[in-house]
file protein-v1.csv (CSV, C-alpha atoms)
chain,number,residue,atom,x,y,z
A,693,MET,CA,11.8,76.9,-64.6
A,694,ALA,CA,9.7,78.2,-61.7
A,695,LEU,CA,11.9,76.5,-59.3
A,696,VAL,CA,15.1,78.0,-60.8
A,697,ARG,CA,13.6,81.5,-60.8
A,698,ASN,CA,12.5,81.2,-57.2
A,699,ARG,CA,15.9,80.0,-56.1
A,700,SER,CA,17.7,82.8,-58.0
A,701,ASN,CA,15.4,85.3,-56.3
A,702,LEU,CA,16.3,83.9,-52.9
A,703,THR,CA,20.0,84.1,-53.6
A,704,ALA,CA,19.8,87.7,-54.8
A,705,CYS,CA,17.9,88.7,-51.6
A,706,SER,CA,20.3,87.1,-49.2
A,707,PRO,CA,23.0,89.7,-48.2
A,708,THR,CA,25.2,87.0,-46.6
A,709,ASN,CA,25.8,85.0,-49.8
A,710,LEU,CA,28.8,85.6,-52.0
A,711,PRO,CA,27.8,87.2,-55.3
A,712,ASP,CA,29.3,84.4,-57.3
A,713,TRP,CA,31.2,81.6,-55.4
A,714,SER,CA,31.6,79.4,-58.5
A,715,ALA,CA,35.1,80.9,-59.3
A,716,LEU,CA,36.3,79.7,-55.9
A,717,ILE,CA,35.1,76.2,-56.1
A,718,PRO,CA,38.1,74.1,-55.0
A,719,VAL,CA,39.5,71.5,-57.3
A,720,LEU,CA,39.7,68.2,-55.5
A,721,PRO,CA,42.0,65.3,-56.3
A,722,ALA,CA,40.6,62.2,-57.9
A,723,GLU,CA,41.5,59.9,-55.0
A,724,GLY,CA,41.4,59.9,-51.2
A,725,ALA,CA,38.8,60.6,-48.6
A,726,ARG,CA,36.4,63.3,-49.8
A,727,ARG,CA,36.1,65.1,-46.5
A,728,VAL,CA,39.9,65.4,-46.2
A,729,ALA,CA,40.3,66.6,-49.8
A,730,LEU,CA,37.6,69.2,-49.4
A,731,TYR,CA,39.1,70.4,-46.1
A,732,ALA,CA,42.6,70.7,-47.6
A,733,ALA,CA,41.2,72.6,-50.6
A,734,LEU,CA,39.2,75.1,-48.6
A,735,ARG,CA,42.0,75.6,-46.1
A,736,ARG,CA,44.3,76.4,-49.0
A,737,LEU,CA,41.9,79.0,-50.3
A,738,ILE,CA,41.8,80.6,-46.8
A,739,GLU,CA,45.5,80.5,-46.2
A,740,THR,CA,46.3,82.1,-49.6
A,741,GLY,CA,43.7,84.9,-49.0
A,742,ALA,CA,41.4,83.8,-51.9
A,743,LEU,CA,38.7,83.5,-49.2
A,744,PRO,CA,39.3,86.6,-47.0
A,745,PRO,CA,38.5,86.7,-43.3
A,746,GLY,CA,34.9,87.2,-42.5
A,747,SER,CA,33.6,85.9,-45.9
A,748,LYS,CA,30.8,83.5,-45.9
A,749,LEU,CA,31.3,79.9,-47.0
A,750,PRO,CA,28.5,78.3,-49.1
A,751,THR,CA,26.2,75.9,-47.5
A,752,THR,CA,27.2,72.3,-47.2
A,753,ARG,CA,24.2,71.3,-49.3
A,754,ASP,CA,25.1,73.6,-52.1
A,755,LEU,CA,28.8,72.7,-52.0
A,756,ALA,CA,28.1,69.0,-52.0
A,757,ALA,CA,25.8,69.4,-55.0
A,758,ARG,CA,28.4,71.4,-57.0
A,759,LEU,CA,31.2,68.9,-56.3
A,760,GLY,CA,29.1,65.8,-56.5
A,761,LEU,CA,29.9,64.8,-52.9
A,762,ALA,CA,27.9,63.3,-50.1
A,763,ARG,CA,26.6,66.1,-47.9
A,764,GLY,CA,28.1,64.3,-44.9
A,765,ALA,CA,31.6,64.7,-46.4
A,766,ALA,CA,31.0,68.5,-46.8
A,767,VAL,CA,29.7,68.7,-43.2
A,768,ALA,CA,32.8,66.8,-41.9
A,769,ALA,CA,35.1,69.2,-43.9
A,770,PHE,CA,33.4,72.3,-42.4
A,771,GLU,CA,33.7,70.8,-38.9
A,772,MET,CA,37.4,70.2,-39.4
A,773,LEU,CA,37.9,73.9,-40.5
A,774,VAL,CA,36.0,75.1,-37.4
A,775,ALA,CA,38.0,72.8,-35.1
A,776,ASP,CA,41.3,74.0,-36.6
A,777,GLY,CA,40.4,77.7,-36.2
A,778,PHE,CA,40.0,78.4,-39.9
A,779,ALA,CA,36.3,79.0,-39.8
A,780,VAL,CA,33.5,79.9,-37.3
A,781,ALA,CA,30.0,78.6,-37.3
A,782,ARG,CA,27.2,81.1,-36.5
A,783,THR,CA,24.0,79.6,-35.4
A,784,GLY,CA,21.3,80.4,-37.9
A,785,ALA,CA,23.7,82.4,-40.2
A,786,GLY,CA,26.1,79.9,-41.7
A,787,THR,CA,29.8,79.3,-41.6
A,788,TYR,CA,32.4,82.1,-42.1
A,789,VAL,CA,36.1,82.4,-42.5
A,790,ALA,CA,37.7,83.2,-39.2
A,791,ALA,CA,38.8,86.8,-38.5
A,792,GLU,CA,42.4,85.8,-37.9
A,793,VAL,CA,43.9,82.9,-39.8
A,794,PRO,CA,47.5,82.0,-40.7
A,795,ARG,CA,48.6,83.2,-44.1
A,796,LEU,CA,51.0,81.6,-46.4
A,797,GLY,CA,53.9,83.9,-47.2
A,798,ALA,CA,56.5,83.6,-49.8
A,799,PRO,CA,58.0,80.1,-49.9
A,800,PRO,CA,61.4,80.0,-48.0
A,801,ALA,CA,64.5,79.9,-50.1
A,802,PRO,CA,65.7,76.4,-50.7
A,803,VAL,CA,68.6,75.3,-48.5
A,804,THR,CA,71.5,74.3,-50.6
A,805,ALA,CA,74.8,72.8,-49.5
A,806,PRO,CA,77.9,74.5,-50.7
A,807,PRO,CA,79.3,72.9,-53.8
A,808,ARG,CA,81.8,70.2,-53.2
A,809,PRO,CA,84.9,70.0,-55.4
A,810,LYS,CA,84.7,67.5,-58.2
A,811,ALA,CA,86.8,64.4,-58.0
A,812,ALA,CA,88.8,65.4,-61.0
A,813,SER,CA,89.7,68.8,-59.4
A,814,VAL,CA,91.0,67.4,-56.1
A,815,LEU,CA,94.7,67.7,-55.8
A,816,PRO,CA,96.9,64.8,-54.8
A,817,GLY,CA,97.5,64.7,-51.0
A,818,THR,CA,94.2,66.4,-50.2
A,819,LEU,CA,93.0,65.5,-46.7
A,820,GLY,CA,90.0,63.2,-46.5
A,821,VAL,CA,90.3,62.0,-50.1
A,822,ALA,CA,91.1,58.3,-50.8
A,823,THR,CA,91.9,56.6,-54.0
A,824,ALA,CA,91.7,53.0,-55.0
A,825,ASP,CA,93.2,51.2,-58.1
A,826,ASP,CA,91.0,49.1,-60.4
A,827,CYS,CA,92.3,45.8,-59.1
A,828,THR,CA,91.4,46.7,-55.5
A,829,MET,CA,87.9,47.9,-56.6
A,830,LEU,CA,87.4,44.7,-58.6
A,831,GLN,CA,88.3,42.6,-55.6
A,832,PHE,CA,86.0,44.7,-53.3
A,833,ARG,CA,83.0,44.2,-55.6
A,834,SER,CA,83.6,40.5,-55.8
A,835,LEU,CA,83.7,40.2,-52.0
A,836,LEU,CA,80.6,42.4,-51.6
A,837,HIS,CA,78.7,40.3,-54.2
A,838,ARG,CA,79.7,37.1,-52.5
A,839,HIS,CA,78.5,38.2,-49.0
A,840,LEU,CA,75.3,39.8,-50.2
A,841,ALA,CA,74.3,36.9,-52.5
A,842,ARG,CA,73.4,34.9,-49.4
A,843,PRO,CA,73.5,37.3,-46.5
A,844,GLU,CA,73.6,36.0,-42.9
A,845,ALA,CA,70.9,36.9,-40.4
A,846,ALA,CA,73.4,39.2,-38.7
A,847,HIS,CA,73.2,41.6,-41.6
A,848,PHE,CA,69.6,42.5,-40.7
A,849,SER,CA,70.0,43.4,-37.0
A,850,TYR,CA,72.1,45.6,-34.8
A,851,GLY,CA,75.7,44.5,-34.7
A,852,ASP,CA,78.3,44.4,-31.9
A,853,PRO,CA,78.9,48.0,-30.7
A,854,GLN,CA,82.6,47.3,-30.8
A,855,GLY,CA,82.4,46.3,-34.4
A,856,ASN,CA,82.3,42.9,-36.3
A,857,ALA,CA,83.9,40.3,-34.1
A,858,GLY,CA,85.4,38.4,-37.0
A,859,LEU,CA,87.1,41.6,-38.3
A,860,ARG,CA,88.4,42.5,-34.9
A,861,ALA,CA,89.9,39.0,-34.5
A,862,GLU,CA,91.7,39.4,-37.9
A,863,ILE,CA,93.0,42.8,-36.9
A,864,ALA,CA,94.3,41.5,-33.6
A,865,ALA,CA,96.1,38.6,-35.4
A,866,TYR,CA,97.6,41.1,-37.9
A,867,LEU,CA,98.8,43.4,-35.2
A,868,ARG,CA,100.5,40.6,-33.3
A,869,SER,CA,102.3,39.2,-36.4
A,870,ALA,CA,103.1,42.4,-38.3
A,871,ARG,CA,103.4,45.0,-35.6
A,872,GLY,CA,104.3,43.1,-32.4
A,873,VAL,CA,101.3,44.5,-30.6
A,874,ARG,CA,100.0,42.3,-27.8
A,875,CYS,CA,96.3,42.6,-28.0
A,876,GLU,CA,93.1,40.5,-28.3
A,877,ALA,CA,89.9,41.1,-30.3
A,878,GLY,CA,88.1,42.3,-27.2
A,879,GLN,CA,90.5,45.2,-26.8
A,880,ILE,CA,89.8,46.5,-30.3
A,881,LEU,CA,87.0,49.0,-31.1
A,882,LEU,CA,86.1,49.7,-34.7
A,883,THR,CA,85.0,53.3,-35.6
A,884,SER,CA,83.8,55.0,-38.7
A,885,GLY,CA,87.2,56.9,-39.1
A,886,THR,CA,89.9,58.8,-37.4
A,887,GLN,CA,87.6,61.7,-36.3
A,888,GLN,CA,85.2,59.4,-34.5
A,889,ALA,CA,88.0,57.5,-32.8
A,890,LEU,CA,89.7,60.7,-31.6
A,891,ASP,CA,86.4,62.0,-30.3
A,892,LEU,CA,85.6,58.8,-28.4
A,893,VAL,CA,89.0,58.5,-26.9
A,894,THR,CA,89.2,62.2,-25.9
A,895,ARG,CA,85.8,62.2,-24.2
A,896,ALA,CA,86.6,58.9,-22.4
A,897,THR,CA,90.0,59.9,-21.0
A,898,LEU,CA,90.0,63.6,-20.6
A,899,ALA,CA,87.9,66.4,-19.1
A,900,PRO,CA,87.2,70.0,-20.3
A,901,GLY,CA,90.1,72.3,-19.4
A,902,ASP,CA,92.8,69.6,-19.3
A,903,PRO,CA,96.1,70.6,-20.9
A,904,VAL,CA,97.2,68.4,-23.8
A,905,TRP,CA,100.3,68.4,-25.8
A,906,ILE,CA,99.7,68.5,-29.6
A,907,GLU,CA,102.3,68.5,-32.4
A,908,ASP,CA,103.1,71.8,-34.0
A,909,PRO,CA,102.6,71.6,-36.9
A,910,GLY,CA,100.1,68.8,-36.6
A,911,TYR,CA,96.9,67.3,-37.8
A,912,PRO,CA,94.1,69.9,-37.9
A,913,GLY,CA,91.3,67.3,-37.5
A,914,ALA,CA,92.7,66.3,-34.1
A,915,ARG,CA,93.0,70.0,-33.1
A,916,ALA,CA,89.3,70.5,-34.0
A,917,VAL,CA,88.2,67.5,-32.0
A,918,MET,CA,90.1,68.5,-28.9
A,919,GLU,CA,89.1,72.1,-29.1
A,920,GLY,CA,85.5,71.0,-29.4
A,921,ALA,CA,85.9,68.9,-26.2
A,922,GLY,CA,87.1,72.0,-24.4
A,923,LEU,CA,90.7,70.9,-23.9
A,924,ARG,CA,93.6,73.4,-23.4
A,925,LEU,CA,96.0,72.6,-26.2
A,926,VAL,CA,99.7,73.1,-25.8
A,927,GLY,CA,101.6,73.2,-29.1
A,928,VAL,CA,104.9,71.3,-29.0
A,929,PRO,CA,107.4,71.8,-31.9
A,930,VAL,CA,108.5,69.0,-34.2
A,931,ASP,CA,112.0,68.6,-35.5
A,932,ALA,CA,113.9,65.9,-37.5
A,933,GLU,CA,113.4,63.4,-34.6
A,934,GLY,CA,109.7,64.2,-34.1
A,935,LEU,CA,108.0,65.7,-31.1
A,936,GLU,CA,110.4,67.7,-28.9
A,937,VAL,CA,109.5,66.1,-25.5
A,938,ALA,CA,111.8,68.3,-23.5
A,939,LEU,CA,110.1,71.4,-24.8
A,940,GLY,CA,106.7,69.9,-24.0
A,941,GLU,CA,107.8,69.3,-20.4
A,942,GLN,CA,109.0,72.9,-20.1
A,943,ARG,CA,105.7,74.3,-21.5
A,944,SER,CA,103.3,72.0,-19.6
A,945,PRO,CA,104.9,69.4,-17.4
A,946,GLY,CA,101.5,68.4,-15.9
A,947,ALA,CA,99.7,67.9,-19.2
A,948,ARG,CA,97.1,65.1,-19.0
A,949,ALA,CA,97.8,63.7,-22.5
A,950,ALA,CA,100.0,64.0,-25.5
A,951,TYR,CA,98.7,63.6,-29.1
A,952,VAL,CA,101.3,62.2,-31.5
A,953,THR,CA,101.7,60.7,-34.9
A,954,PRO,CA,105.0,58.9,-34.3
A,955,SER,CA,105.2,56.5,-37.2
A,956,HIS,CA,104.7,59.1,-39.9
A,957,GLN,CA,104.3,62.6,-38.5
A,958,PHE,CA,101.6,64.7,-40.1
A,959,PRO,CA,102.4,66.8,-42.1
A,960,LEU,CA,106.2,66.7,-42.0
A,961,GLY,CA,106.5,62.9,-42.5
A,962,VAL,CA,109.3,62.4,-39.9
A,963,THR,CA,109.5,59.3,-37.7
A,964,LEU,CA,109.7,59.8,-33.9
A,965,SER,CA,113.2,58.5,-32.9
A,966,MET,CA,113.6,55.8,-30.3
A,967,ARG,CA,115.3,58.3,-28.0
A,968,ARG,CA,112.2,60.6,-28.1
A,969,ARG,CA,109.8,57.6,-27.8
A,970,LEU,CA,111.4,56.5,-24.6
A,971,ALA,CA,111.5,60.1,-23.3
A,972,LEU,CA,107.7,60.4,-24.1
A,973,ILE,CA,106.8,57.2,-22.3
A,974,ASP,CA,109.0,58.2,-19.3
A,975,TRP,CA,107.2,61.6,-19.0
A,976,ALA,CA,103.8,59.9,-19.3
A,977,ARG,CA,104.6,57.5,-16.5
A,978,ARG,CA,105.8,60.3,-14.2
A,979,ALA,CA,102.9,62.6,-15.0
A,980,GLY,CA,100.2,59.9,-15.0
A,981,ALA,CA,99.3,61.1,-18.6
A,982,TRP,CA,97.8,59.4,-21.6
A,983,ILE,CA,99.7,59.0,-24.9
A,984,LEU,CA,97.2,59.3,-27.8
A,985,GLU,CA,98.9,57.7,-30.7
A,986,ASP,CA,97.5,58.3,-34.2
A,987,ASP,CA,99.0,55.6,-36.3
A,988,TYR,CA,98.8,57.8,-39.3
A,989,ASP,CA,100.2,56.3,-42.6
A,990,SER,CA,102.3,53.7,-40.7
A,991,GLU,CA,102.0,51.2,-43.5
A,992,PHE,CA,103.3,53.7,-46.1
A,993,ARG,CA,107.0,53.0,-46.1
A,994,HIS,CA,109.6,53.0,-48.9
A,995,ALA,CA,112.2,51.1,-47.0
A,996,GLY,CA,112.8,49.5,-43.6
A,997,PRO,CA,110.5,47.8,-41.1
A,998,PRO,CA,107.8,49.8,-39.2

call {"tool": "encode", "arguments": {"input": "protein-v1.csv", "output": "structure tokens"}}
result
Amino acid sequence: MALVRNRSNLTACSPTNLPDWSALIPVLPAEGARRVALYAALRRLIETGALPPGSKLPTTRDLAARLGLARGAAVAAFEMLVADGFAVARTGAGTYVAAEVPRLGAPPAPVTAPPRPKAASVLPGTLGVATADDCTMLQFRSLLHRHLARPEAAHFSYGDPQGNAGLRAEIAAYLRSARGVRCEAGQILLTSGTQQALDLVTRATLAPGDPVWIEDPGYPGARAVMEGAGLRLVGVPVDAEGLEVALGEQRSPGARAAYVTPSHQFPLGVTLSMRRRLALIDWARRAGAWILEDDYDSEFRHAGPP
């Protein structure tokens, strides 16, 4: 009892001690390094203003006894607070909260993406929305299961930058037989979609400021890619035969490229006539220009060959 009374007297006579620090004793997690847990808890009290600048922290011996910690853990936590600028140690006086410390303000508002339309509310013909019948999905799941049941080593490493060699070979064979396109697998580059393909081709063949013919009306995704690349777009009207090549030559005879959807023009659906195709190729040869053919919907035909 005498020891308790003596200690209480010493505490009451010390002007630097907090009147009652017990309400601010941090709550430490049950697991993890004790020095790190104590440091994080004290730092939180300082950042939130529970321990105001200039207030004195308890001694490491007292804090370790209250929390049941080794004194070394309390000393290490205090040293971390001092090193990070949250506290200052005064020789012979103790450790105090630093005069200027960062404060935690109101938490930032959560960043939320704009709501996307539900699948059921998407209208037929909406851009960027694909559909698949039950039979196709069943076959896809079967193939996926077959290949993932015993995956090859190639599935766990970086693949060919041009795309899977086997798939490119099959595409080349299909194009030769069904479309009459003379090509080899090495000439095919697989991309994640039309937008990436247009972006790669545009940046590889053209320079910012180059004039480019583009169908009017035409595919807005292509316009966005080319405007993003800094190209100067020249709208060329589309009629029942497709792109009006003669008008394109009048508006920009020195254009560096022409973007067309000849098989199934977007959005009018017309097919570029043979007369216009030959005229377009003739202009490209004379102008030294590129023809960027977007083979949009070419397989979608009600009658007749491609």

call {"tool": "residues_around", "arguments": {"input": "protein-v1.csv", "residues": "A:Arg967", "least_positions_apart": "4", "cutoff": "10 Å", "atoms": "all atoms listed in the file", "output": "PyMOL selection string"}}
result
chain A and resi 933+971-972

call {"tool": "atom_distance", "arguments": {"input": "protein-v1.csv", "atom1": "atom CA of A:Ser869", "atom2": "atom CA of A:Phe992"}}
result
17.5 Å

call {"tool": "residues_around", "arguments": {"input": "protein-v1.csv", "residues": "A:Pro744", "least_positions_apart": "4", "cutoff": "10 Å", "atoms": "only C-alpha atoms", "output": "list in words"}}
result
Leu737, Ile738, Glu739, Thr740, Lys748, Tyr788, Val789, Ala790, Ala791, Glu792 and Val793 of chain A

call {"tool": "residues_near_point", "arguments": {"input": "protein-v1.csv", "point": "(86.1, 42.6, -37.5)", "cutoff": "12 Å", "atoms": "only C-alpha atoms", "output": "list in words"}}
result
Gly851, Asp852, Pro853, Gln854, Gly855, Asn856, Ala857, Gly858, Leu859, Arg860, Ala861, Glu862, Ile863, Ala864, Ala865, Tyr866, Glu876, Ala877, Gly878, Gln879, Ile880, Leu881, Leu882 and Thr883 of chain A

call {"tool": "write_last_selection", "arguments": {"input": "protein-v1.csv", "atoms": "C-alpha atoms", "output": "compact mmCIF listing (two decimals), keeping the file's coordinate frame"}}
result
# COMPACT_ATOMS: atom_id res chain seq x y z
CA GLY A 851 75.70 44.50 -34.70
CA ASP A 852 78.30 44.40 -31.90
CA PRO A 853 78.90 48.00 -30.70
CA GLN A 854 82.60 47.30 -30.80
CA GLY A 855 82.40 46.30 -34.40
CA ASN A 856 82.30 42.90 -36.30
CA ALA A 857 83.90 40.30 -34.10
CA GLY A 858 85.40 38.40 -37.00
CA LEU A 859 87.10 41.60 -38.30
CA ARG A 860 88.40 42.50 -34.90
CA ALA A 861 89.90 39.00 -34.50
CA GLU A 862 91.70 39.40 -37.90
CA ILE A 863 93.00 42.80 -36.90
CA ALA A 864 94.30 41.50 -33.60
CA ALA A 865 96.10 38.60 -35.40
CA TYR A 866 97.60 41.10 -37.90
CA GLU A 876 93.10 40.50 -28.30
CA ALA A 877 89.90 41.10 -30.30
CA GLY A 878 88.10 42.30 -27.20
CA GLN A 879 90.50 45.20 -26.80
CA ILE A 880 89.80 46.50 -30.30
CA LEU A 881 87.00 49.00 -31.10
CA LEU A 882 86.10 49.70 -34.70
CA THR A 883 85.00 53.30 -35.60

call {"tool": "atom_distance", "arguments": {"input": "protein-v1.csv", "atom1": "atom CA of A:Ser955", "atom2": "atom CA of A:Asp826"}}
result
28.2 Å

call {"tool": "closest_residue", "arguments": {"input": "protein-v1.csv", "among": "A:Ala932, A:Glu991, A:Arg924, A:Val952", "to": "A:Leu867", "atoms": "only C-alpha atoms"}}
result
A:Glu991

call {"tool": "closest_residue", "arguments": {"input": "protein-v1.csv", "among": "A:Thr894, A:Thr752, A:Ser990, A:Ser965", "to": "A:Gly920", "atoms": "all atoms listed in the file"}}
result
A:Thr894

call {"tool": "atom_distance", "arguments": {"input": "protein-v1.csv", "atom1": "atom CA of A:Val962", "atom2": "atom CA of A:Leu819"}}
result
17.9 Å

call {"tool": "residues_around", "arguments": {"input": "protein-v1.csv", "residues": "A:Arg753", "least_positions_apart": "4", "cutoff": "12 Å", "atoms": "all atoms listed in the file", "output": "VMD selection string"}}
result
chain A and resid 749 757 to 767 770 786

call {"tool": "closest_residue", "arguments": {"input": "protein-v1.csv", "among": "A:Val719, A:Leu923, A:Gly784, A:Ala950", "to": "A:Thr751", "atoms": "only C-alpha atoms"}}
result
A:Gly784

call {"tool": "decode", "arguments": {"input": "protein-v1.csv", "residues": "stretch 870-888 of chain A", "atoms": "N, CA and C atoms", "output": "short mmCIF file (atom, residue, chain, number, x, y, z; two decimals), in the first residue's frame"}}
result
data_model
loop_
_atom_site.label_atom_id
_atom_site.label_comp_id
_atom_site.auth_asym_id
_atom_site.auth_seq_id
_atom_site.Cartn_x
_atom_site.Cartn_y
_atom_site.Cartn_z
N ALA A 870 -11.90 -20.25 -98.34
CA ALA A 870 -13.23 -19.63 -98.34
C ALA A 870 -13.24 -18.23 -98.90
N ARG A 871 -12.10 -17.52 -98.82
CA ARG A 871 -12.09 -16.13 -99.23
C ARG A 871 -11.14 -15.83 -100.39
N GLY A 872 -10.32 -16.82 -100.78
CA GLY A 872 -9.40 -16.61 -101.88
C GLY A 872 -8.27 -15.64 -101.55
N VAL A 873 -7.94 -15.53 -100.26
CA VAL A 873 -6.86 -14.63 -99.83
C VAL A 873 -5.56 -15.42 -99.75
N ARG A 874 -4.55 -14.98 -100.50
CA ARG A 874 -3.26 -15.65 -100.46
C ARG A 874 -2.46 -15.13 -99.27
N CYS A 875 -2.35 -15.95 -98.23
CA CYS A 875 -1.62 -15.52 -97.04
C CYS A 875 -1.10 -16.74 -96.30
N GLU A 876 -0.11 -16.50 -95.43
CA GLU A 876 0.46 -17.54 -94.58
C GLU A 876 0.25 -17.14 -93.12
N ALA A 877 0.44 -18.12 -92.24
CA ALA A 877 0.23 -17.86 -90.82
C ALA A 877 1.12 -16.74 -90.30
N GLY A 878 2.32 -16.62 -90.86
CA GLY A 878 3.24 -15.58 -90.42
C GLY A 878 2.79 -14.18 -90.77
N GLN A 879 1.80 -14.05 -91.67
CA GLN A 879 1.28 -12.74 -92.05
C GLN A 879 0.06 -12.34 -91.24
N ILE A 880 -0.35 -13.17 -90.30
CA ILE A 880 -1.55 -12.92 -89.53
C ILE A 880 -1.17 -12.50 -88.11
N LEU A 881 -1.81 -11.47 -87.62
CA LEU A 881 -1.60 -10.98 -86.27
C LEU A 881 -2.94 -10.97 -85.55
N LEU A 882 -3.04 -11.70 -84.44
CA LEU A 882 -4.28 -11.76 -83.67
C LEU A 882 -4.31 -10.62 -82.65
N THR A 883 -5.45 -9.96 -82.53
CA THR A 883 -5.61 -8.88 -81.55
C THR A 883 -6.81 -9.18 -80.67
N SER A 884 -7.03 -8.32 -79.68
CA SER A 884 -8.15 -8.54 -78.76
C SER A 884 -9.46 -8.04 -79.34
N GLY A 885 -9.43 -7.42 -80.50
CA GLY A 885 -10.67 -6.94 -81.10
C GLY A 885 -10.39 -5.90 -82.16
N THR A 886 -11.47 -5.37 -82.75
CA THR A 886 -11.36 -4.40 -83.83
C THR A 886 -10.61 -3.15 -83.40
N GLN A 887 -10.92 -2.65 -82.21
CA GLN A 887 -10.31 -1.40 -81.76
C GLN A 887 -8.80 -1.53 -81.63
N GLN A 888 -8.32 -2.62 -81.06
CA GLN A 888 -6.88 -2.79 -80.93
C GLN A 888 -6.24 -2.95 -82.30
#
